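Structure data (mmCIF, C-alpha atoms and all ligand atoms) from work-v4.cif:
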```
data_final
#
loop_
_atom_site.label_atom_id
_atom_site.label_comp_id
_atom_site.auth_asym_id
_atom_site.auth_seq_id
_atom_site.Cartn_x
_atom_site.Cartn_y
_atom_site.Cartn_z
CA MET A 1 -175.56 143.93 161.86
CA LYS A 2 -178.01 141.17 162.70
CA ASP A 3 -178.37 138.03 160.60
CA SER A 4 -181.71 136.28 160.08
CA PHE A 5 -181.17 134.23 163.27
CA ASP A 6 -180.82 137.39 165.35
CA ARG A 7 -177.08 136.94 165.80
CA ASN A 8 -175.04 140.11 165.99
CA ILE A 9 -172.28 139.84 163.35
CA ASP A 10 -169.46 142.16 164.36
CA TYR A 11 -166.25 140.14 163.95
CA VAL A 12 -164.25 139.64 160.76
CA ARG A 13 -161.31 137.27 160.29
CA ILE A 14 -159.04 138.01 157.37
CA ALA A 15 -156.41 135.64 155.99
CA VAL A 16 -153.80 138.06 154.69
CA THR A 17 -151.82 135.39 152.85
CA ASP A 18 -152.02 131.70 151.93
CA ARG A 19 -148.25 131.31 152.29
CA CYS A 20 -146.66 129.64 155.26
CA ASN A 21 -143.17 128.72 156.46
CA LEU A 22 -144.43 125.71 158.47
CA ARG A 23 -146.15 122.60 157.11
CA CYS A 24 -148.41 121.50 159.99
CA PHE A 25 -149.75 118.16 158.88
CA TYR A 26 -153.36 118.86 159.91
CA CYS A 27 -153.27 121.99 157.69
CA MET A 28 -151.43 121.02 154.50
CA PRO A 29 -149.40 118.28 152.80
CA ALA A 30 -145.59 118.11 153.18
CA GLU A 31 -145.02 119.69 149.79
CA GLY A 32 -147.31 122.61 150.70
CA ILE A 33 -150.30 123.88 148.75
CA PRO A 34 -150.33 125.57 145.34
CA TYR A 35 -150.09 129.24 146.24
CA GLU A 36 -152.23 131.83 144.52
CA PRO A 37 -150.27 134.34 142.39
CA LYS A 38 -149.61 137.48 144.47
CA SER A 39 -151.94 139.50 142.23
CA HIS A 40 -154.84 137.26 143.35
CA LEU A 41 -154.33 138.12 147.01
CA LEU A 42 -156.08 141.14 148.46
CA CYS A 43 -153.60 144.00 148.62
CA TYR A 44 -153.34 145.97 151.82
CA GLU A 45 -155.24 148.97 150.41
CA GLU A 46 -158.12 146.61 149.54
CA ILE A 47 -158.09 145.08 153.02
CA THR A 48 -158.08 148.56 154.58
CA ARG A 49 -161.04 149.54 152.41
CA LEU A 50 -162.96 146.41 153.42
CA LEU A 51 -162.27 147.13 157.07
CA LYS A 52 -163.45 150.73 156.72
CA VAL A 53 -166.73 149.61 155.15
CA LEU A 54 -167.24 146.84 157.70
CA GLY A 55 -166.45 149.28 160.52
CA GLY A 56 -169.23 151.51 159.17
CA LEU A 57 -171.57 148.51 159.40
CA GLY A 58 -170.80 147.98 163.08
CA PHE A 59 -167.90 145.52 162.97
CA LYS A 60 -165.84 145.95 166.14
CA LYS A 61 -163.31 143.14 166.08
CA VAL A 62 -160.84 142.04 163.44
CA ARG A 63 -158.40 139.13 163.42
CA PHE A 64 -155.54 138.88 160.95
CA THR A 65 -154.48 135.35 160.21
CA GLY A 66 -153.17 133.32 157.27
CA GLY A 67 -151.06 131.37 156.23
CA GLU A 68 -148.48 133.07 158.35
CA PRO A 69 -149.38 136.78 158.49
CA PHE A 70 -145.83 137.89 159.39
CA LEU A 71 -144.56 136.47 156.08
CA ARG A 72 -146.30 139.30 154.33
CA LYS A 73 -143.91 142.23 153.86
CA ASP A 74 -146.60 144.90 154.16
CA PHE A 75 -148.27 143.34 157.19
CA ILE A 76 -147.05 145.99 159.65
CA LYS A 77 -148.28 148.68 157.26
CA LEU A 78 -151.70 146.98 157.24
CA LEU A 79 -151.69 146.91 161.05
CA GLU A 80 -150.82 150.62 161.13
CA ASN A 81 -153.72 151.40 158.78
CA THR A 82 -156.10 149.30 160.86
CA ALA A 83 -154.99 150.82 164.16
CA ALA A 84 -155.76 154.25 162.67
CA LEU A 85 -159.41 153.30 161.98
CA PRO A 86 -161.68 154.60 164.73
CA THR A 87 -164.19 151.74 164.64
CA TYR A 88 -162.29 148.68 165.84
CA GLU A 89 -162.29 148.01 169.58
CA SER A 90 -159.83 145.18 169.21
CA ILE A 91 -157.30 144.01 166.65
CA HIS A 92 -156.13 140.42 166.98
CA ILE A 93 -153.49 138.31 165.25
CA THR A 94 -153.15 134.55 164.94
CA SER A 95 -149.57 133.52 164.20
CA ASN A 96 -147.31 130.50 164.34
CA GLY A 97 -144.84 132.68 166.26
CA THR A 98 -141.76 131.93 164.15
CA LEU A 99 -141.31 135.43 162.69
CA LEU A 100 -142.96 137.58 165.32
CA GLN A 101 -140.25 138.32 167.88
CA LYS A 102 -138.67 141.33 166.13
CA HIS A 103 -142.08 143.00 165.68
CA ILE A 104 -142.98 143.01 169.38
CA PRO A 105 -141.94 146.66 170.04
CA ARG A 106 -143.97 147.98 167.07
CA LEU A 107 -147.01 145.90 168.04
CA MET A 108 -146.82 147.43 171.50
CA GLU A 109 -146.61 150.96 170.06
CA LEU A 110 -149.70 150.23 167.96
CA GLY A 111 -151.55 148.84 170.97
CA ILE A 112 -152.01 145.48 169.22
CA THR A 113 -151.56 143.15 172.14
CA LYS A 114 -153.98 140.28 171.55
CA ILE A 115 -152.08 137.44 169.97
CA ASN A 116 -153.04 133.80 169.44
CA LEU A 117 -150.02 131.55 169.04
CA SER A 118 -150.26 128.04 167.66
CA ILE A 119 -148.27 125.46 169.57
CA ASP A 120 -149.36 121.84 169.41
CA SER A 121 -146.71 120.27 171.61
CA LEU A 122 -144.17 121.22 174.27
CA ASP A 123 -141.93 118.41 173.15
CA PRO A 124 -139.51 119.82 170.52
CA GLU A 125 -139.37 116.53 168.62
CA ARG A 126 -143.12 116.14 168.47
CA PHE A 127 -143.47 119.81 167.53
CA HIS A 128 -141.02 119.14 164.66
CA LYS A 129 -143.00 116.10 163.52
CA ILE A 130 -146.32 117.98 163.54
CA THR A 131 -145.10 121.18 161.88
CA ARG A 132 -142.44 119.45 159.74
CA ARG A 133 -140.05 122.23 160.78
CA ASN A 134 -137.62 122.50 163.69
CA ASP A 135 -138.79 125.82 165.16
CA PHE A 136 -139.97 124.93 168.66
CA LYS A 137 -137.39 127.06 170.49
CA LYS A 138 -138.15 130.14 168.42
CA VAL A 139 -141.89 129.82 169.06
CA PHE A 140 -141.55 129.09 172.77
CA ASP A 141 -139.11 131.98 173.29
CA THR A 142 -141.57 134.28 171.51
CA PHE A 143 -144.36 133.04 173.75
CA HIS A 144 -142.32 133.96 176.84
CA SER A 145 -141.36 137.37 175.42
CA LEU A 146 -145.01 138.18 174.67
CA VAL A 147 -146.10 137.18 178.17
CA GLU A 148 -143.27 139.18 179.78
CA GLN A 149 -144.23 142.25 177.75
CA GLY A 150 -147.84 142.00 178.98
CA PHE A 151 -149.50 140.80 175.75
CA LYS A 152 -152.83 139.01 176.09
CA VAL A 153 -151.78 135.63 174.72
CA LYS A 154 -153.91 132.64 173.82
CA LEU A 155 -152.28 129.38 172.85
CA ASN A 156 -153.97 127.17 170.25
CA ALA A 157 -153.26 123.45 170.07
CA VAL A 158 -154.94 121.11 167.60
CA ILE A 159 -155.31 117.79 169.37
CA MET A 160 -154.95 114.67 167.24
CA TYR A 161 -155.63 111.09 168.13
CA GLY A 162 -152.39 109.12 168.50
CA VAL A 163 -150.23 112.23 167.93
CA ASN A 164 -150.26 114.75 170.77
CA THR A 165 -152.94 113.81 173.31
CA GLN A 166 -150.08 113.43 175.81
CA ASP A 167 -149.49 117.18 175.44
CA ILE A 168 -152.90 118.20 176.76
CA VAL A 169 -151.93 118.37 180.42
CA PRO A 170 -148.42 119.86 179.96
CA LEU A 171 -149.90 122.58 177.73
CA ALA A 172 -152.74 123.23 180.20
CA GLU A 173 -150.11 123.60 182.94
CA LEU A 174 -148.83 126.74 181.20
CA ALA A 175 -151.98 128.45 182.46
CA LYS A 176 -150.98 127.69 186.03
CA THR A 177 -148.24 130.30 186.32
CA ASN A 178 -148.96 132.43 183.23
CA ALA A 179 -152.04 134.57 182.66
CA VAL A 180 -152.67 132.89 179.29
CA ASP A 181 -155.62 130.96 177.91
CA VAL A 182 -154.66 127.55 176.56
CA ARG A 183 -157.18 126.31 174.01
CA PHE A 184 -157.51 122.83 172.59
CA ILE A 185 -159.07 122.50 169.13
CA GLU A 186 -160.69 119.52 167.46
CA GLU A 187 -159.04 118.68 164.14
CA MET A 188 -161.08 119.71 161.10
CA PRO A 189 -160.87 118.23 157.59
CA PHE A 190 -159.24 121.29 155.98
CA ASN A 191 -155.78 120.05 155.09
CA GLY A 192 -155.17 120.66 151.39
CA GLY A 193 -156.62 117.34 150.32
CA TYR A 194 -154.07 114.78 151.37
CA LYS A 195 -156.04 113.07 154.11
CA GLU A 196 -159.75 112.37 154.13
CA ASN A 197 -160.35 110.24 157.17
CA ILE A 198 -159.64 111.83 160.48
CA GLN A 199 -159.89 109.80 163.62
CA MET A 200 -161.25 112.51 165.81
CA TYR A 201 -160.11 113.23 169.33
CA SER A 202 -163.26 115.08 170.29
CA ALA A 203 -163.90 118.00 172.62
CA ARG A 204 -165.45 115.43 174.99
CA ASP A 205 -162.28 113.32 174.97
CA ILE A 206 -160.16 116.41 175.64
CA PHE A 207 -162.45 117.49 178.47
CA ALA A 208 -162.31 113.98 179.99
CA ASP A 209 -158.48 114.09 180.03
CA LEU A 210 -158.52 117.52 181.64
CA LYS A 211 -161.13 116.57 184.24
CA LYS A 212 -159.16 113.47 185.18
CA HIS A 213 -156.06 115.56 185.86
CA TYR A 214 -157.87 118.57 187.35
CA PRO A 215 -160.84 117.32 189.41
CA THR A 216 -161.58 120.95 190.42
CA LEU A 217 -162.02 122.05 186.79
CA GLU A 218 -164.96 124.43 186.66
CA LYS A 219 -166.90 125.64 183.65
CA LEU A 220 -166.97 129.43 183.20
CA PRO A 221 -169.92 131.41 181.78
CA SER A 222 -169.66 131.74 177.99
CA LYS A 223 -168.74 135.09 176.42
CA HIS A 224 -170.29 136.74 173.32
CA GLY A 225 -169.08 134.95 170.18
CA GLU A 226 -166.69 132.68 172.10
CA THR A 227 -166.16 129.35 170.32
CA ALA A 228 -164.28 127.80 173.23
CA THR A 229 -165.98 126.28 176.23
CA LEU A 230 -163.92 127.85 178.99
CA TYR A 231 -162.77 126.23 182.21
CA GLN A 232 -160.87 127.40 185.24
CA VAL A 233 -158.67 125.38 187.55
CA LYS A 234 -158.62 126.77 191.06
CA GLY A 235 -155.47 128.82 191.65
CA HIS A 236 -154.43 128.91 187.98
CA LYS A 237 -153.71 132.34 186.51
CA GLY A 238 -155.13 131.56 183.06
CA ASN A 239 -158.07 129.60 181.68
CA ILE A 240 -158.37 126.46 179.63
CA GLY A 241 -160.60 126.35 176.54
CA VAL A 242 -161.89 123.49 174.45
CA ILE A 243 -163.07 124.32 170.92
CA PRO A 244 -165.50 121.83 169.33
CA ALA A 245 -164.51 123.01 165.86
CA PHE A 246 -165.67 119.82 164.17
CA SER A 247 -168.63 119.01 166.45
CA ARG A 248 -169.89 122.57 165.89
CA THR A 249 -171.88 123.08 169.07
CA PHE A 250 -171.25 126.84 169.18
CA CYS A 251 -172.94 127.98 165.94
CA ASN A 252 -175.96 129.53 167.67
CA THR A 253 -173.76 132.33 169.05
CA CYS A 254 -171.59 132.79 165.95
CA ASN A 255 -170.68 136.45 165.35
CA ARG A 256 -168.20 136.21 162.47
CA LEU A 257 -167.46 136.49 158.78
CA ARG A 258 -164.29 135.17 157.16
CA ILE A 259 -162.41 136.58 154.20
CA THR A 260 -159.88 134.24 152.61
CA SER A 261 -156.55 135.41 151.21
CA LYS A 262 -157.96 135.64 147.68
CA GLY A 263 -161.05 137.50 148.80
CA ASP A 264 -163.64 134.74 149.06
CA ILE A 265 -166.17 135.53 151.74
CA LYS A 266 -167.11 132.64 153.97
CA SER A 267 -170.12 133.41 156.11
CA CYS A 268 -169.46 130.02 157.72
CA LEU A 269 -166.21 128.08 157.97
CA TYR A 270 -167.95 125.08 156.43
CA ASP A 271 -169.30 126.84 153.31
CA ASP A 272 -167.07 126.84 150.25
CA GLY A 273 -166.81 130.58 149.74
CA ILE A 274 -170.03 132.25 148.75
CA PHE A 275 -168.82 135.41 147.06
CA ASN A 276 -165.53 136.85 145.78
CA ILE A 277 -165.23 140.34 147.18
CA ARG A 278 -161.85 140.97 145.46
CA ASP A 279 -163.33 140.74 141.94
CA PHE A 280 -166.33 142.79 143.07
CA MET A 281 -164.08 145.55 144.41
CA ARG A 282 -161.83 145.46 141.34
CA SER A 283 -164.91 145.97 139.12
CA GLY A 284 -165.05 149.56 140.37
CA ILE A 285 -167.99 149.49 142.80
CA THR A 286 -168.67 152.22 145.36
CA ASP A 287 -168.38 151.84 149.13
CA GLU A 288 -172.18 151.92 149.39
CA GLU A 289 -172.45 148.99 146.94
CA LEU A 290 -169.84 147.16 148.95
CA ALA A 291 -171.79 147.79 152.15
CA ASP A 292 -175.00 146.54 150.50
CA LYS A 293 -173.24 143.34 149.47
CA PHE A 294 -172.11 142.74 153.06
CA ARG A 295 -175.65 143.36 154.31
CA GLU A 296 -176.91 140.71 151.88
CA ILE A 297 -174.16 138.24 152.85
CA VAL A 298 -174.92 138.65 156.55
CA ARG A 299 -178.67 138.26 155.92
CA LEU A 300 -178.02 134.95 154.14
CA LYS A 301 -175.62 133.56 156.76
CA PRO A 302 -176.56 129.91 157.34
CA LYS A 303 -177.96 128.70 160.63
CA ASP A 304 -174.99 126.46 161.40
CA GLY A 305 -172.01 124.61 160.00
CA PHE A 306 -174.10 121.59 159.05
CA GLU A 307 -176.47 123.70 156.91
CA ALA A 308 -173.47 125.44 155.32
CA GLU A 309 -171.87 122.10 154.54
CA LYS A 310 -175.04 120.89 152.79
CA SER A 311 -175.02 123.89 150.46
CA ARG A 312 -171.41 123.44 149.34
CA LYS A 313 -170.86 123.16 145.60
CA LYS A 314 -167.44 121.56 146.02
CA SER A 315 -167.94 118.22 147.72
CA GLU A 316 -164.51 117.75 149.28
CA LYS A 317 -163.75 120.03 152.20
CA SER A 318 -160.33 118.52 152.68
CA LEU A 319 -159.16 119.98 149.34
CA GLU A 320 -159.13 123.34 151.05
CA SER A 321 -156.24 124.13 153.36
CA MET A 322 -156.76 126.09 156.55
CA SER A 323 -153.75 128.12 155.38
CA SER A 324 -155.88 129.89 152.77
CA ILE A 325 -159.05 129.98 154.90
CA GLY A 326 -157.34 131.41 157.97
CA GLY A 327 -158.60 129.06 160.69
N1 LIG B 1 -150.21 130.29 160.65
C1 LIG B 1 -150.93 130.82 161.75
C2 LIG B 1 -151.04 129.82 162.88
O1 LIG B 1 -150.76 128.65 162.65
O2 LIG B 1 -151.41 130.23 163.97
C3 LIG B 1 -152.31 131.33 161.38
C4 LIG B 1 -153.11 130.52 160.41
S1 LIG B 1 -153.64 128.93 161.00
C5 LIG B 1 -154.51 128.35 159.61
C6 LIG B 1 -154.90 129.40 162.16
C7 LIG B 1 -155.29 128.33 163.15
O3 LIG B 1 -155.90 127.26 162.45
C8 LIG B 1 -154.12 127.71 163.91
O4 LIG B 1 -154.36 127.81 165.30
C9 LIG B 1 -154.11 126.27 163.46
O5 LIG B 1 -153.69 125.42 164.48
C10 LIG B 1 -155.56 126.05 163.08
N2 LIG B 1 -155.75 124.95 162.13
C11 LIG B 1 -155.13 124.77 160.95
N3 LIG B 1 -155.57 123.64 160.33
C12 LIG B 1 -156.49 123.10 161.16
C13 LIG B 1 -157.29 121.93 161.11
N4 LIG B 1 -157.25 121.10 160.07
N5 LIG B 1 -158.13 121.68 162.14
C14 LIG B 1 -158.19 122.52 163.21
N6 LIG B 1 -157.46 123.66 163.31
C15 LIG B 1 -156.61 123.94 162.31
FE1 LIG B 2 -148.85 127.34 158.63
FE2 LIG B 2 -150.61 127.90 160.53
FE3 LIG B 2 -151.14 126.04 158.66
FE4 LIG B 2 -149.30 125.52 160.49
S1 LIG B 2 -151.48 125.89 160.87
S2 LIG B 2 -149.10 125.18 158.26
S3 LIG B 2 -148.41 127.48 160.82
S4 LIG B 2 -150.92 128.20 158.33
#
```
Would you encode the structure as structure tokens?
Amino acid sequence: MKDSFDRNIDYVRIAVTDRCNLRCFYCMPAEGIPYEPKSHLLCYEEITRLLKVLGGLGFKKVRFTGGEPFLRKDFIKLLENTAALPTYESIHITSNGTLLQKHIPRLMELGITKINLSIDSLDPERFHKITRRNDFKKVFDTFHSLVEQGFKVKLNAVIMYGVNTQDIVPLAELAKTNAVDVRFIEEMPFNGGYKENIQMYSARDIFADLKKHYPTLEKLPSKHGETATLYQVKGHKGNIGVIPAFSRTFCNTCNRLRITSKGDIKSCLYDDGIFNIRDFMRSGITDEELADKFREIVRLKPKDGFEAEKSRKKSEKSLESMSSIGG
């Protein structure tokens, strides 16, 4: 499906829950966010239906995220349903890695091998400070298990001024001996409302640190819908990516829609949810009406994150937490 800027929209990201067992301080306050009642979340039959309809409209890639997707008891069932749909070329998961280990065999059976793990520091103490939980070992062990089992792993690290800039090079070094992509993300103001002013460590700053350490860093050609600017260090098995999530320099190749845990559609990360698909589905509409709604949403997708931000009804972005948006 093309939007009005001739972009091919074929990727949907679904936050399957707003609940999380970590409390990363760029994502939510220490006390957490007020969770939606379970009945407000999309149930797995509703998510499967949405995916069927989107598949019929040409969507080829889906990412399940959250909150922490593995907290949801019926998550594996949802993955089984999705794997049985003929339309999706790739099924991806973004996870904090704390609850994933025991599901590795089933993920392999289902052929779901593309996992993004969030890990913002290789220093257990700093990891604890950032996530407000002491789970570094669990996450790092899971990372190694996934790599050993041949999963296609990407590591996500949000880089924050004065917090974990010293982790950039050690994290990038993981791509030296492992065939993993290590991606550094600019902090965005979606943190559940407890901090407004972010002193940004920008994609440029991150790149400068990398270039200083790796003079042979080379930019790779960009891929369809890729938000990261990708780099390769000679001799390294994996790549390094920098994601200008706040600077928003990638919008002209955007290929995605987001569905939040309570069914708000975001046609841009920076809009404030343009339509609630849960209520629409629960009103008894047909699949064809659902498809028409998606066609309309895609047609109206804003040009970029700055345009989307201008049309927000709620003024404060930071009141939203990435845990309900899905990243
Ligand atoms: N809980 C899972 C995890 O942490 O990977 C999935 C959900 S999390 C919201 C998805 C991604 O969003 C993670 O990589 C996380 O680091 C990123 N994220 C969360 N809050 C962010 C923020 N304020 N700015 C930039 N990235 C953020
Ligand atoms: Fe949880 Fe992911 Fe948010 Fe961290 S970034 S609090 S792991 S949802």
Proximity to ligand LIG 1 (chain B) - best of A:Phe140, A:Tyr270, A:Phe64, A:Tyr161, only C-alpha atoms and all ligand atoms: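 So, comparing all the options, the nearest one is A:Phe64.
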Of the listed residues A:Arg19, A:Lys60, A:Arg72, A:Lys313, that which approaches ligand LIG 1 (chain B) most closely, counting all atoms listed in the file: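 Going through A:Arg19, A:Lys60, A:Arg72, A:Lys313 one by one, the smallest distance to ligand LIG 1 (chain B) is for A:Arg19.
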Distance query Val233 of chain A at most 10 Å, all atoms listed in the file, self and fewer than 4 positions along chain excluded, as a PyMOL selection string: chain A and resi 172-173+175-176+210-211+214-219+237-240
Expected residue set, 12 Å radius at (-169.0, 118.3, 169.3), all atoms listed in the file, as number ranges by chain: A: 185-188, 200-207, 227-229, 242-251, 305-306
Distance criterion (all atoms listed in the file): nearest to Cys43 of chain A out of A:Arg7, A:Lys314, A:Lys73, A:Arg132: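 Once distances to Cys43 of chain A are computed over all atoms listed in the file, the minimum belongs to A:Lys73.
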Contacts to ligand LIG 1 (chain B) at 9 Å cut-off (all atoms listed in the file) as a PyMOL selection string: chain A and resi 15+18-22+24-28+64-70+93-97+116-120+155-159+185-192+245-246+318+321-327
Dump C-alpha atoms for the selected residues as a PDB file, in the coordinates of the input?
```pdb
ATOM      1  CA  ALA A  15    -156.410 135.640 155.990  1.00  0.00           C
ATOM      2  CA  ASP A  18    -152.020 131.700 151.930  1.00  0.00           C
ATOM      3  CA  ARG A  19    -148.250 131.310 152.290  1.00  0.00           C
ATOM      4  CA  CYS A  20    -146.660 129.640 155.260  1.00  0.00           C
ATOM      5  CA  ASN A  21    -143.170 128.720 156.460  1.00  0.00           C
ATOM      6  CA  LEU A  22    -144.430 125.710 158.470  1.00  0.00           C
ATOM      7  CA  CYS A  24    -148.410 121.500 159.990  1.00  0.00           C
ATOM      8  CA  PHE A  25    -149.750 118.160 158.880  1.00  0.00           C
ATOM      9  CA  TYR A  26    -153.360 118.860 159.910  1.00  0.00           C
ATOM     10  CA  CYS A  27    -153.270 121.990 157.690  1.00  0.00           C
ATOM     11  CA  MET A  28    -151.430 121.020 154.500  1.00  0.00           C
ATOM     12  CA  PHE A  64    -155.540 138.880 160.950  1.00  0.00           C
ATOM     13  CA  THR A  65    -154.480 135.350 160.210  1.00  0.00           C
ATOM     14  CA  GLY A  66    -153.170 133.320 157.270  1.00  0.00           C
ATOM     15  CA  GLY A  67    -151.060 131.370 156.230  1.00  0.00           C
ATOM     16  CA  GLU A  68    -148.480 133.070 158.350  1.00  0.00           C
ATOM     17  CA  PRO A  69    -149.380 136.780 158.490  1.00  0.00           C
ATOM     18  CA  PHE A  70    -145.830 137.890 159.390  1.00  0.00           C
ATOM     19  CA  ILE A  93    -153.490 138.310 165.250  1.00  0.00           C
ATOM     20  CA  THR A  94    -153.150 134.550 164.940  1.00  0.00           C
ATOM     21  CA  SER A  95    -149.570 133.520 164.200  1.00  0.00           C
ATOM     22  CA  ASN A  96    -147.310 130.500 164.340  1.00  0.00           C
ATOM     23  CA  GLY A  97    -144.840 132.680 166.260  1.00  0.00           C
ATOM     24  CA  ASN A 116    -153.040 133.800 169.440  1.00  0.00           C
ATOM     25  CA  LEU A 117    -150.020 131.550 169.040  1.00  0.00           C
ATOM     26  CA  SER A 118    -150.260 128.040 167.660  1.00  0.00           C
ATOM     27  CA  ILE A 119    -148.270 125.460 169.570  1.00  0.00           C
ATOM     28  CA  ASP A 120    -149.360 121.840 169.410  1.00  0.00           C
ATOM     29  CA  LEU A 155    -152.280 129.380 172.850  1.00  0.00           C
ATOM     30  CA  ASN A 156    -153.970 127.170 170.250  1.00  0.00           C
ATOM     31  CA  ALA A 157    -153.260 123.450 170.070  1.00  0.00           C
ATOM     32  CA  VAL A 158    -154.940 121.110 167.600  1.00  0.00           C
ATOM     33  CA  ILE A 159    -155.310 117.790 169.370  1.00  0.00           C
ATOM     34  CA  ILE A 185    -159.070 122.500 169.130  1.00  0.00           C
ATOM     35  CA  GLU A 186    -160.690 119.520 167.460  1.00  0.00           C
ATOM     36  CA  GLU A 187    -159.040 118.680 164.140  1.00  0.00           C
ATOM     37  CA  MET A 188    -161.080 119.710 161.100  1.00  0.00           C
ATOM     38  CA  PRO A 189    -160.870 118.230 157.590  1.00  0.00           C
ATOM     39  CA  PHE A 190    -159.240 121.290 155.980  1.00  0.00           C
ATOM     40  CA  ASN A 191    -155.780 120.050 155.090  1.00  0.00           C
ATOM     41  CA  GLY A 192    -155.170 120.660 151.390  1.00  0.00           C
ATOM     42  CA  ALA A 245    -164.510 123.010 165.860  1.00  0.00           C
ATOM     43  CA  PHE A 246    -165.670 119.820 164.170  1.00  0.00           C
ATOM     44  CA  SER A 318    -160.330 118.520 152.680  1.00  0.00           C
ATOM     45  CA  SER A 321    -156.240 124.130 153.360  1.00  0.00           C
ATOM     46  CA  MET A 322    -156.760 126.090 156.550  1.00  0.00           C
ATOM     47  CA  SER A 323    -153.750 128.120 155.380  1.00  0.00           C
ATOM     48  CA  SER A 324    -155.880 129.890 152.770  1.00  0.00           C
ATOM     49  CA  ILE A 325    -159.050 129.980 154.900  1.00  0.00           C
ATOM     50  CA  GLY A 326    -157.340 131.410 157.970  1.00  0.00           C
ATOM     51  CA  GLY A 327    -158.600 129.060 160.690  1.00  0.00           C
TER      52      GLY A 327
END
```
Atom pair atom CA of Leu71 of chain A / atom CA of Gly263 of chain A: separation (Å):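 About the pair atom CA of Leu71 of chain A and atom CA of Gly263 of chain A: they are 18.1 Å apart.
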Point-to-point distance from atom CA of Asp264 of chain A to atom CA of Lys310 of chain A, Å rounded to tenths: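 Separation between atom CA of Asp264 of chain A and atom CA of Lys310 of chain A: 18.3 Å.
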All residues 6 Å or closer to segment 98-112 of chain A, all atoms listed in the file, same chain fewer than 6 positions away omitted, as a list in words: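 After dropping sequence-adjacent residues, the list is Lys138, Val139 and Thr142 of chain A.
Distance annotation: of A:Pro29, A:Gly225, A:Pro86, A:Pro302, the residue with the minimal separation from ligand LIG 2 (chain B) is A:Pro29; atom set is all atoms listed in the file.
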Nearest candidate to Asp123 of chain A (options A:Gly56, A:Glu307, A:Asp167, A:Phe151; using only C-alpha atoms):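 Closest candidate: A:Asp167.
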Using 6 Å of padding on each side, determine the axis-aligned box around all atoms of ligand LIG 2 (chain B) present in the file and give its centre and edge lengths in Å to one decimal, as lines of an AutoDock Vina configuration file.
```
center_x = -149.9
center_y = 126.7
center_z = 159.6
size_x = 15.1
size_y = 15.0
size_z = 14.6
```
Proximity to ligand LIG 2 (chain B) - best of A:Ser283, A:Asn255, A:Ser39, A:Thr17, only C-alpha atoms and all ligand atoms: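 The answer is A:Thr17, which sits nearest to ligand LIG 2 (chain B).
Between atom CA of Gly241 of chain A and atom CA of Arg183 of chain A lies a distance of 4.3 Å.
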Cut-off 6 Å around (-164.6, 140.4, 158.5) with only C-alpha atoms: residues as a list of chain:residue names: A:Tyr11, A:Val12, A:Arg13, A:Leu257, A:Arg258
